[in-house]
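So the structure is just underneath, and the comments pick up after that.
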Amino acid sequence: MDTVDVLVVGAGLAGLNTARLLAGAGLDVAVCERRTTLETGIRTTGIFVRRTLTDYDLPHLGPAVRRVLLYPPSHRDPVELLSTRDEFRVGDMAGIYARAVQDAERAGAQVSLNAGYPAKATRARFTIGADGARSTVARRLGLDVNRRLITGIEEVYPVRTGSTPTFHCVVDPRLAPGYIAWVVDDGEHAHVGLAGRADRFTAPLPQLLHRFRDSFPTPEPTGPVQRRGGPIPVGGLLRRIISPQGLLVGDAAGAVSPLTAGGLDPCLRMSELAASVTFDYLRSGNRYVLEHYDGAALRRRYLVRSQLRRGLSLVRRPGVAEWAFGALRTMPGKALAKRILFN
């Protein structure tokens, strides 16, 4: 049986970045991923926000998006939000994952696809769960698991619209209860999807997505259409995300904005903290080091967004959403929307 310092379970962005940092620090790191290829099973839209674009050098990004349109259920009189800066870029996640694997392997990590967990041939001093919203590592280590989830579906395809890159967000509880439907058209690719509370869906997700496409103007594909989706944690960062045997990172730790469901920026930043704490703990053997990875303290940053998430979940009827847009069209309403989406 092979023995490694750290076993990272899951070859998403959080897991691969953590593996790269730990291997670069001199630890013996293995990554196991149950998928046979990272081009399949993608769970994220791939929207990177301005903070991420400023702080990280990311490949395979689409054109910048500075314009957001917010629509009520009727689609009438949308709220337009414009920024003077590049607020979003949508990444080609398959290409980004491939680059992340290369970077991790160059740093010295061993990345194995089609490799399940627990790995029968590998023993680790420490295990890092980067295995998604329904983490197996969390359960095996006795850590917290995500209880509040929304479920999403999305179609991605190339386009040649030549239009101003725009992020369209539709609030309609009939299609996306507790969340939104969306179209991101950056002139090169379109992302058309929706997500919401599974207990409130009125039809299967593919059928709801078809209804959305029929009711909202979407770009025509100029190439193959890829479908993706899955669960998204929206309960905020979990409290118990570390033990002397391992820790959780990314979606497994609930490191997703409770309101916007954006998780790419938190997963990158959290992976840096996870790598630092793991290295210090394995080098020193001092359990007090683990306190620096305290989910209960870190989750305070999500408090306001968690409250707004509860408010969004209360919108069950189209008429309520239409009424709320009256407040959103005011100057304070637009300022709040910009603060949420652009910060």
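By order in the structure tokens, chains are A, B, ...; within a chain, residues start at 1; ligands start at 1, following the order shown.
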message = What's around Ala176 of chain A at 9 Å? Count only C-alpha atoms, leave out sequence neighbours fewer than 2 positions away in its own chain, and write the answer as number ranges by chain.
response = A: 152, 170-174, 178-181, 194-197, 200-201, 208
With N, CA, C and O atoms kept, could you save the residues just selected as a PDB file, in the first residue's frame?
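Final output, saved to part-v2.pdb:
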```pdb
ATOM      1  N   GLY A 152     -29.585  22.570 -10.041  1.00  0.00           N
ATOM      2  CA  GLY A 152     -29.578  23.346 -11.273  1.00  0.00           C
ATOM      3  C   GLY A 152     -29.371  22.499 -12.507  1.00  0.00           C
ATOM      4  O   GLY A 152     -28.939  21.342 -12.445  1.00  0.00           O
ATOM      5  N   VAL A 170     -33.438  36.028 -14.483  1.00  0.00           N
ATOM      6  CA  VAL A 170     -34.895  36.041 -14.438  1.00  0.00           C
ATOM      7  C   VAL A 170     -35.351  35.471 -13.099  1.00  0.00           C
ATOM      8  O   VAL A 170     -35.023  34.323 -12.761  1.00  0.00           O
ATOM      9  N   VAL A 171     -36.106  36.267 -12.350  1.00  0.00           N
ATOM     10  CA  VAL A 171     -36.680  35.816 -11.081  1.00  0.00           C
ATOM     11  C   VAL A 171     -38.106  35.366 -11.356  1.00  0.00           C
ATOM     12  O   VAL A 171     -38.998  36.186 -11.580  1.00  0.00           O
ATOM     13  N   ASP A 172     -38.321  34.061 -11.348  1.00  0.00           N
ATOM     14  CA  ASP A 172     -39.640  33.500 -11.621  1.00  0.00           C
ATOM     15  C   ASP A 172     -39.807  32.221 -10.801  1.00  0.00           C
ATOM     16  O   ASP A 172     -39.233  31.179 -11.148  1.00  0.00           O
ATOM     17  N   PRO A 173     -40.566  32.278  -9.704  1.00  0.00           N
ATOM     18  CA  PRO A 173     -40.708  31.096  -8.839  1.00  0.00           C
ATOM     19  C   PRO A 173     -41.395  29.916  -9.509  1.00  0.00           C
ATOM     20  O   PRO A 173     -41.326  28.806  -9.001  1.00  0.00           O
ATOM     21  N   ARG A 174     -42.038  30.135 -10.645  1.00  0.00           N
ATOM     22  CA  ARG A 174     -42.659  29.012 -11.354  1.00  0.00           C
ATOM     23  C   ARG A 174     -41.602  28.141 -12.038  1.00  0.00           C
ATOM     24  O   ARG A 174     -41.799  26.936 -12.206  1.00  0.00           O
ATOM     25  N   GLY A 178     -36.951  29.854  -5.435  1.00  0.00           N
ATOM     26  CA  GLY A 178     -35.860  30.090  -4.491  1.00  0.00           C
ATOM     27  C   GLY A 178     -34.559  30.500  -5.127  1.00  0.00           C
ATOM     28  O   GLY A 178     -33.566  30.714  -4.433  1.00  0.00           O
ATOM     29  N   TYR A 179     -34.543  30.666  -6.450  1.00  0.00           N
ATOM     30  CA  TYR A 179     -33.304  31.106  -7.111  1.00  0.00           C
ATOM     31  C   TYR A 179     -33.685  31.816  -8.410  1.00  0.00           C
ATOM     32  O   TYR A 179     -34.689  32.525  -8.437  1.00  0.00           O
ATOM     33  N   ILE A 180     -32.938  31.629  -9.482  1.00  0.00           N
ATOM     34  CA  ILE A 180     -33.167  32.349 -10.731  1.00  0.00           C
ATOM     35  C   ILE A 180     -33.003  31.418 -11.931  1.00  0.00           C
ATOM     36  O   ILE A 180     -32.445  30.331 -11.829  1.00  0.00           O
ATOM     37  N   ALA A 181     -33.501  31.889 -13.065  1.00  0.00           N
ATOM     38  CA  ALA A 181     -33.128  31.357 -14.372  1.00  0.00           C
ATOM     39  C   ALA A 181     -32.182  32.371 -15.007  1.00  0.00           C
ATOM     40  O   ALA A 181     -32.225  33.553 -14.671  1.00  0.00           O
ATOM     41  N   LEU A 194     -31.209  27.198 -15.185  1.00  0.00           N
ATOM     42  CA  LEU A 194     -32.031  27.588 -14.051  1.00  0.00           C
ATOM     43  C   LEU A 194     -31.696  26.677 -12.879  1.00  0.00           C
ATOM     44  O   LEU A 194     -31.137  25.592 -13.047  1.00  0.00           O
ATOM     45  N   ALA A 195     -32.035  27.146 -11.686  1.00  0.00           N
ATOM     46  CA  ALA A 195     -31.818  26.357 -10.470  1.00  0.00           C
ATOM     47  C   ALA A 195     -32.840  26.775  -9.435  1.00  0.00           C
ATOM     48  O   ALA A 195     -33.405  27.873  -9.503  1.00  0.00           O
ATOM     49  N   GLY A 196     -33.074  25.903  -8.487  1.00  0.00           N
ATOM     50  CA  GLY A 196     -34.031  26.230  -7.444  1.00  0.00           C
ATOM     51  C   GLY A 196     -34.159  25.093  -6.446  1.00  0.00           C
ATOM     52  O   GLY A 196     -33.406  24.114  -6.486  1.00  0.00           O
ATOM     53  N   ARG A 197     -35.114  25.246  -5.569  1.00  0.00           N
ATOM     54  CA  ARG A 197     -35.357  24.240  -4.540  1.00  0.00           C
ATOM     55  C   ARG A 197     -36.060  23.035  -5.149  1.00  0.00           C
ATOM     56  O   ARG A 197     -37.141  23.162  -5.736  1.00  0.00           O
ATOM     57  N   ARG A 200     -39.763  22.252  -4.615  1.00  0.00           N
ATOM     58  CA  ARG A 200     -40.781  23.150  -5.160  1.00  0.00           C
ATOM     59  C   ARG A 200     -40.882  23.094  -6.682  1.00  0.00           C
ATOM     60  O   ARG A 200     -41.695  23.807  -7.273  1.00  0.00           O
ATOM     61  N   PHE A 201     -40.050  22.306  -7.328  1.00  0.00           N
ATOM     62  CA  PHE A 201     -40.153  22.201  -8.785  1.00  0.00           C
ATOM     63  C   PHE A 201     -41.495  21.591  -9.169  1.00  0.00           C
ATOM     64  O   PHE A 201     -41.945  20.609  -8.571  1.00  0.00           O
ATOM     65  N   LEU A 208     -38.579  22.049 -17.383  1.00  0.00           N
ATOM     66  CA  LEU A 208     -38.596  23.455 -16.977  1.00  0.00           C
ATOM     67  C   LEU A 208     -37.623  24.276 -17.810  1.00  0.00           C
ATOM     68  O   LEU A 208     -37.919  25.425 -18.178  1.00  0.00           O
TER      69      LEU A 208
END
```
**Request:** If you run DSSP over the backbone, which residues in segment 191-282 of chain A end up alpha helix (DSSP H)? Put them as an NGL selection string.
**Result:** :A and (205-215 or 264-282)
### Task
Can you pull out every residue within 10 Å of segment 2-9 of chain A, counting only C-alpha atoms, but drop anything in the same chain fewer than 5 positions away, and send it as a PyMOL selection string?
chain A and resi 14-16+18-19+22-23+26-34+109-111+115-132+135-137+246-249+278-279+282
Sorted per-residue table, segment 249-336 of chain A near segment 49-62 of chain A, closest atoms and distance, 10 Å, only C-alpha atoms, as a Markdown table:
```
| residue | atom | partner | partner_atom | distance |
| --- | --- | --- | --- | --- |
| A:Gly262 | CA | A:Val49 | CA | 8.8 |
| A:Leu264 | CA | A:Thr52 | CA | 8.1 |
| A:Asp265 | CA | A:Thr52 | CA | 5.6 |
| A:Pro266 | CA | A:Thr52 | CA | 9.1 |
| A:Leu268 | CA | A:Thr52 | CA | 8.4 |
| A:Arg269 | CA | A:Thr52 | CA | 9.0 |
```
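Here atom CA of Ser243 of chain A is placed at a distance of 21.7 Å from atom CA of Gly12 of chain A.
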Shortest contact to Ala255 of chain A, candidates A:Gly91, A:Gly311, A:Gly229, A:Gly295, atoms counted only C-alpha atoms, goes to A:Gly295
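Excluding Leu209 of chain A itself and same-chain residues fewer than 4 positions from it, the residues having an atom within 9 Å of it are A:Ile153, A:Glu154, A:Glu155, A:Leu175, A:Ala181, A:Val192, A:Gly193, A:Leu194, A:Pro204, A:Leu205, A:Arg213, A:Asp214, counting only C-alpha atoms.
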Written selection (N, CA and C atoms) as an mmCIF file, in the first residue's frame:
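As written to disk, result33.cif reads:
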```cif
data_model
loop_
_atom_site.group_PDB
_atom_site.id
_atom_site.type_symbol
_atom_site.label_atom_id
_atom_site.label_comp_id
_atom_site.auth_asym_id
_atom_site.auth_seq_id
_atom_site.Cartn_x
_atom_site.Cartn_y
_atom_site.Cartn_z
ATOM 1 N N ILE A 153 -29.701 23.094 -13.644
ATOM 2 C CA ILE A 153 -29.470 22.487 -14.950
ATOM 3 C C ILE A 153 -29.077 23.603 -15.906
ATOM 4 N N GLU A 154 -28.216 23.293 -16.865
ATOM 5 C CA GLU A 154 -27.731 24.334 -17.776
ATOM 6 C C GLU A 154 -27.329 23.713 -19.103
ATOM 7 N N GLU A 155 -27.538 24.480 -20.161
ATOM 8 C CA GLU A 155 -27.036 24.113 -21.484
ATOM 9 C C GLU A 155 -26.015 25.154 -21.925
ATOM 10 N N LEU A 175 -40.492 28.758 -12.434
ATOM 11 C CA LEU A 175 -39.413 28.029 -13.098
ATOM 12 C C LEU A 175 -38.260 27.714 -12.155
ATOM 13 N N ALA A 181 -33.501 31.889 -13.065
ATOM 14 C CA ALA A 181 -33.128 31.357 -14.372
ATOM 15 C C ALA A 181 -32.182 32.371 -15.007
ATOM 16 N N VAL A 192 -27.420 28.810 -20.741
ATOM 17 C CA VAL A 192 -28.849 28.947 -20.473
ATOM 18 C C VAL A 192 -29.220 27.937 -19.393
ATOM 19 N N GLY A 193 -29.690 28.428 -18.256
ATOM 20 C CA GLY A 193 -29.962 27.486 -17.184
ATOM 21 C C GLY A 193 -30.927 28.029 -16.151
ATOM 22 N N LEU A 194 -31.209 27.198 -15.185
ATOM 23 C CA LEU A 194 -32.031 27.588 -14.051
ATOM 24 C C LEU A 194 -31.696 26.677 -12.879
ATOM 25 N N PRO A 204 -40.044 18.056 -14.097
ATOM 26 C CA PRO A 204 -38.631 17.688 -14.190
ATOM 27 C C PRO A 204 -37.791 18.844 -14.737
ATOM 28 N N LEU A 205 -36.547 18.910 -14.306
ATOM 29 C CA LEU A 205 -35.689 20.033 -14.697
ATOM 30 C C LEU A 205 -35.551 20.204 -16.213
ATOM 31 N N ARG A 213 -36.654 28.289 -22.202
ATOM 32 C CA ARG A 213 -36.135 28.627 -23.536
ATOM 33 C C ARG A 213 -37.267 29.078 -24.456
ATOM 34 N N ASP A 214 -38.449 28.506 -24.279
ATOM 35 C CA ASP A 214 -39.578 28.906 -25.123
ATOM 36 C C ASP A 214 -40.115 30.285 -24.758
#
```
Note to self: So that I can check the surroundings of Pro63 of chain A, please list as a ChimeraX atom specification every protein, DNA and RNA residue that reaches within 8 Å of it, counting only C-alpha atoms and ignoring chain neighbours fewer than 3 positions away.
What the structure shows: /A:89-90,165,186-188
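Of the listed residues A:Phe212, A:Thr44, A:Arg160, A:Val289, the one whose atoms come nearest to Asp251 of chain A is A:Thr44, with distances taken using only C-alpha atoms.
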Min atom-atom distance to Pro233 of chain A from the set A:Thr151, A:Gln207, A:Ser215, A:Ser276, counting only C-alpha atoms, belongs to A:Thr151
For this session: as a PyMOL selection string, list the residues of segment 62-258 of chain A assigned to strand (DSSP E) by DSSP on the backbone atoms of this structure.
Result: chain A and resi 67-71+79-82+88-90+110-113+122-129+149-158+166-170+181-185+189-196+226-233+242-243+246-248
